[in-house]
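Asker: Below you'll find protein.txt; it's compact mmCIF, C-alpha atoms.
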```txt
# COMPACT_ATOMS: atom_id res chain seq x y z
CA MET U 1 0.00 0.00 0.00
CA ALA U 2 1.35 3.47 -0.88
CA GLU U 3 2.38 5.83 1.90
CA PRO U 4 0.21 8.95 2.27
CA GLN U 5 1.82 12.08 0.85
CA PRO U 6 3.02 14.80 3.20
CA TYR U 7 0.79 17.89 3.29
CA GLU U 8 3.29 19.99 1.33
CA SER U 9 3.60 17.40 -1.45
CA ALA U 10 -0.16 17.14 -1.83
CA LEU U 11 -0.38 20.94 -2.19
CA ASP U 12 2.28 20.92 -4.92
CA ALA U 13 -0.13 18.98 -7.17
CA ILE U 14 -2.85 21.64 -6.86
CA PRO U 15 -2.16 24.86 -8.81
CA GLY U 16 -2.64 27.92 -6.63
CA ALA U 17 -3.03 25.87 -3.44
CA HIS U 18 -2.06 27.60 -0.23
CA PRO U 19 -1.30 25.99 3.14
CA TYR U 20 -3.35 28.52 5.13
CA PRO U 21 -7.16 28.70 5.16
CA ARG U 22 -8.88 31.77 3.69
CA SER U 23 -9.66 33.07 7.19
CA SER U 24 -5.96 33.09 8.17
CA ARG U 25 -3.93 36.28 8.28
CA TYR U 26 -1.30 34.41 6.27
CA HIS U 27 -3.58 33.23 3.45
CA ASP U 28 -2.40 35.96 1.07
CA ALA U 29 1.24 35.77 2.19
CA GLU U 30 3.64 34.46 -0.43
CA ILE U 31 5.12 31.06 0.40
CA GLY U 32 8.90 30.88 0.09
CA ILE U 33 11.17 27.87 -0.04
CA HIS U 34 14.52 27.82 1.74
CA THR U 35 17.08 25.15 0.89
CA GLN U 36 19.10 24.04 3.90
CA PRO U 37 22.79 23.07 3.49
CA ASP U 38 21.82 19.38 3.44
CA GLY U 39 19.39 19.99 0.57
CA THR U 40 16.22 19.83 2.68
CA LEU U 41 13.54 22.22 1.42
CA VAL U 42 11.74 24.23 4.09
CA ARG U 43 8.57 26.17 3.24
CA TYR U 44 7.81 29.42 5.06
CA ALA U 45 5.38 32.32 4.88
CA LYS U 46 7.12 35.44 3.63
CA ARG U 47 6.59 38.78 5.33
CA ARG U 48 3.05 40.02 5.54
CA LEU U 49 2.99 43.79 5.12
CA LEU U 50 0.17 45.85 6.57
CA PRO U 51 -1.38 48.87 4.88
CA PRO U 52 -0.84 52.18 6.70
CA LEU U 53 -3.40 52.52 9.51
CA SER U 54 -4.92 55.57 7.85
CA ALA U 55 -5.55 53.57 4.65
CA VAL U 56 -7.96 51.12 6.29
CA PRO U 57 -11.59 52.37 6.21
CA GLU U 58 -12.96 51.91 9.68
CA GLU U 59 -15.62 52.44 12.26
CA THR U 60 -15.07 52.45 16.00
CA HIS U 61 -16.09 50.08 18.76
CA THR U 62 -16.17 50.97 22.45
CA VAL U 63 -14.73 48.09 24.46
CA SER U 64 -16.96 46.59 27.16
CA SER U 65 -15.76 44.80 30.27
CA GLY U 66 -15.05 41.13 29.60
CA GLU U 67 -14.74 41.44 25.82
CA ARG U 68 -11.93 39.57 24.07
CA PRO U 69 -10.46 39.90 20.59
CA ASP U 70 -12.14 36.65 19.51
CA HIS U 71 -15.54 38.03 20.61
CA LEU U 72 -14.99 41.02 18.34
CA GLY U 73 -13.93 38.79 15.43
CA GLN U 74 -17.19 36.87 15.80
CA ARG U 75 -19.30 40.02 16.14
CA TYR U 76 -17.89 41.94 13.20
CA PHE U 77 -16.75 39.20 10.82
CA GLY U 78 -18.76 36.13 11.86
CA ASP U 79 -15.54 34.27 12.72
CA PRO U 80 -13.75 34.37 16.10
CA ALA U 81 -10.48 33.64 14.29
CA ALA U 82 -10.82 36.95 12.38
CA TRP U 83 -9.66 38.97 15.42
CA TRP U 84 -6.40 39.60 13.56
CA ARG U 85 -8.20 41.93 11.12
CA ILE U 86 -9.08 44.18 14.04
CA ALA U 87 -5.58 43.92 15.54
CA ASP U 88 -4.06 44.90 12.18
CA ALA U 89 -6.26 48.03 12.07
CA ASN U 90 -5.02 49.22 15.48
CA PRO U 91 -1.55 50.18 16.71
CA VAL U 92 -1.10 47.23 19.10
CA LEU U 93 1.66 44.66 19.42
CA ASP U 94 -0.34 42.21 21.53
CA PRO U 95 -3.98 41.55 20.54
CA ARG U 96 -4.96 41.49 24.22
CA GLU U 97 -4.28 45.25 24.22
CA LEU U 98 -7.39 45.67 22.04
CA THR U 99 -9.74 44.85 24.91
CA ALA U 100 -7.55 45.54 27.96
CA GLU U 101 -9.27 48.83 28.87
CA PRO U 102 -13.08 48.92 28.99
CA GLY U 103 -14.35 52.19 27.57
CA GLN U 104 -11.55 52.66 25.03
CA ASP U 105 -12.44 53.05 21.37
CA ILE U 106 -10.76 50.75 18.87
CA ALA U 107 -10.87 50.74 15.08
CA ILE U 108 -12.91 48.09 13.29
CA PRO U 109 -11.97 47.78 9.60
CA ASN U 110 -14.86 48.02 7.15
CA GLY U 111 -12.86 46.38 4.42
CA PHE U 112 -9.44 44.85 4.44
CA PRO U 113 -7.20 43.31 1.81
CA GLY U 114 -7.76 39.58 1.64
CA GLY U 115 -11.32 39.42 2.84
CA GLY U 116 -14.74 41.02 3.07
CA GLY U 117 -15.91 43.99 5.00
CA GLY U 118 -17.00 44.32 8.58
CA ARG U 119 -20.50 43.38 9.58
CA HIS U 120 -22.51 43.53 12.74
CA GLY U 121 -24.06 40.47 14.28
```
Could the structure of this file be written out as structure tokens, please?

Answerer:
Amino acid sequence: MAEPQPYESALDAIPGAHPYPRSSRYHDAEIGIHTQPDGTLVRYAKRRLLPPLSAVPEETHTVSSGERPDHLGQRYFGDPAAWWRIADANPVLDPRELTAEPGQDIAIPNGFPGGGGGRHG
């Protein structure tokens, strides 16, 4: 019986295939291949550049006590894993900073490269 193909090899047979799901922040990142000295090929996601903060159309959200970034991803994009879209639209290094202070206003992108616009649920 034939051995199952590794994930990377299976993707090689599908033109345009990408190892990250459409909801991932890395879906649109270019995939690079690094050759190690022993000849082993290692795939990696190349840098993902963000648009300038002022270039992202947005609305604001006032943070409530107990909210988390995943709650906001679900509310505005219908996917708790989409919190990264909100983090990318705000000047934060750690996504927990988005909801750390109840009462603060944060930017919610209305549209963002790589995926639809914001929506309210």

Asker: Would you list the contacts of stretch 89-93 of chain U as a PDB file with C-alpha atoms, keeping the file's coordinate frame, taking every protein, DNA or RNA residue within 8 Å and counting only C-alpha atoms, but skipping same-chain residues closer than 3 positions in sequence?

Answerer:
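And here's selection_20.pdb as it stands now:
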```pdb
ATOM      1  CA  LEU U  53      -3.400  52.520   9.510  1.00  0.00           C
ATOM      2  CA  VAL U  56      -7.960  51.120   6.290  1.00  0.00           C
ATOM      3  CA  ARG U  85      -8.200  41.930  11.120  1.00  0.00           C
ATOM      4  CA  ILE U  86      -9.080  44.180  14.040  1.00  0.00           C
ATOM      5  CA  GLU U  97      -4.280  45.250  24.220  1.00  0.00           C
ATOM      6  CA  LEU U  98      -7.390  45.670  22.040  1.00  0.00           C
ATOM      7  CA  ILE U 106     -10.760  50.750  18.870  1.00  0.00           C
ATOM      8  CA  ALA U 107     -10.870  50.740  15.080  1.00  0.00           C
ATOM      9  CA  ILE U 108     -12.910  48.090  13.290  1.00  0.00           C
ATOM     10  CA  PRO U 109     -11.970  47.780   9.600  1.00  0.00           C
TER      11      PRO U 109
END
```

Asker: Let me make sure I understand: among U:His34, U:His61, U:Arg47, U:Arg68, which one has the smallest atom-to-atom distance to U:Ala81 if we use only C-alpha atoms?

Answerer: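 Closest to U:Ala81 of all the choices is U:Arg68.
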
Asker: Figure out the distance between atom CA of U:Pro95 and atom CA of U:Ser64, please, to one decimal in Å.

Answerer: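 Between atom CA of U:Ser64 and atom CA of U:Pro95 the gap works out to 15.4 Å.
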
Asker: Between atom CA of U:Tyr76 and atom CA of U:Asp94, what distance in Å does the model show, to one decimal?

Answerer: 19.4 Å

Asker: So, counting all atoms listed in the file, which residue among U:Thr40, U:Gln104, U:Thr35, U:Asn110 is closest to U:Ser65?

Answerer: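 Of the candidates, the smallest distance to U:Ser65 is held by U:Gln104.
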
Asker: For atom CA of U:Asp88 and atom CA of U:Ile31, quote the distance in Å rounded to one decimal.

Answerer: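 The value is 20.4 Å.
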
Asker: Near U:Gly66, within 10 Å and counting only C-alpha atoms, which residues show up once chain neighbours fewer than 6 positions away are dropped, as a PyMOL selection string?

Answerer: chain U and resi 99-102

Asker: Rank U:Ala82, U:Ile33, U:Val42, U:Ala87 by their smallest atom-to-atom distance to U:Asp70, using all atoms listed in the file, and report the top residue only.

Answerer: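 Residue with the minimum atom-to-atom distance to U:Asp70: U:Ala82.
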
Asker: Give the answer as one residue: which of U:Asp105, U:Ala29, U:Pro37, U:Arg75 has the shortest atom-to-atom distance to U:Glu58, using all atoms listed in the file?

Answerer: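 So, comparing all the options, the nearest one is U:Asp105.
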
Asker: Which residue is closest to U:Gly103? Choose from U:Glu67, U:Trp83, U:Arg43, U:Thr62 and count all atoms listed in the file.

Answerer: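 Using all atoms listed in the file, the shortest distance to U:Gly103 belongs to U:Thr62.
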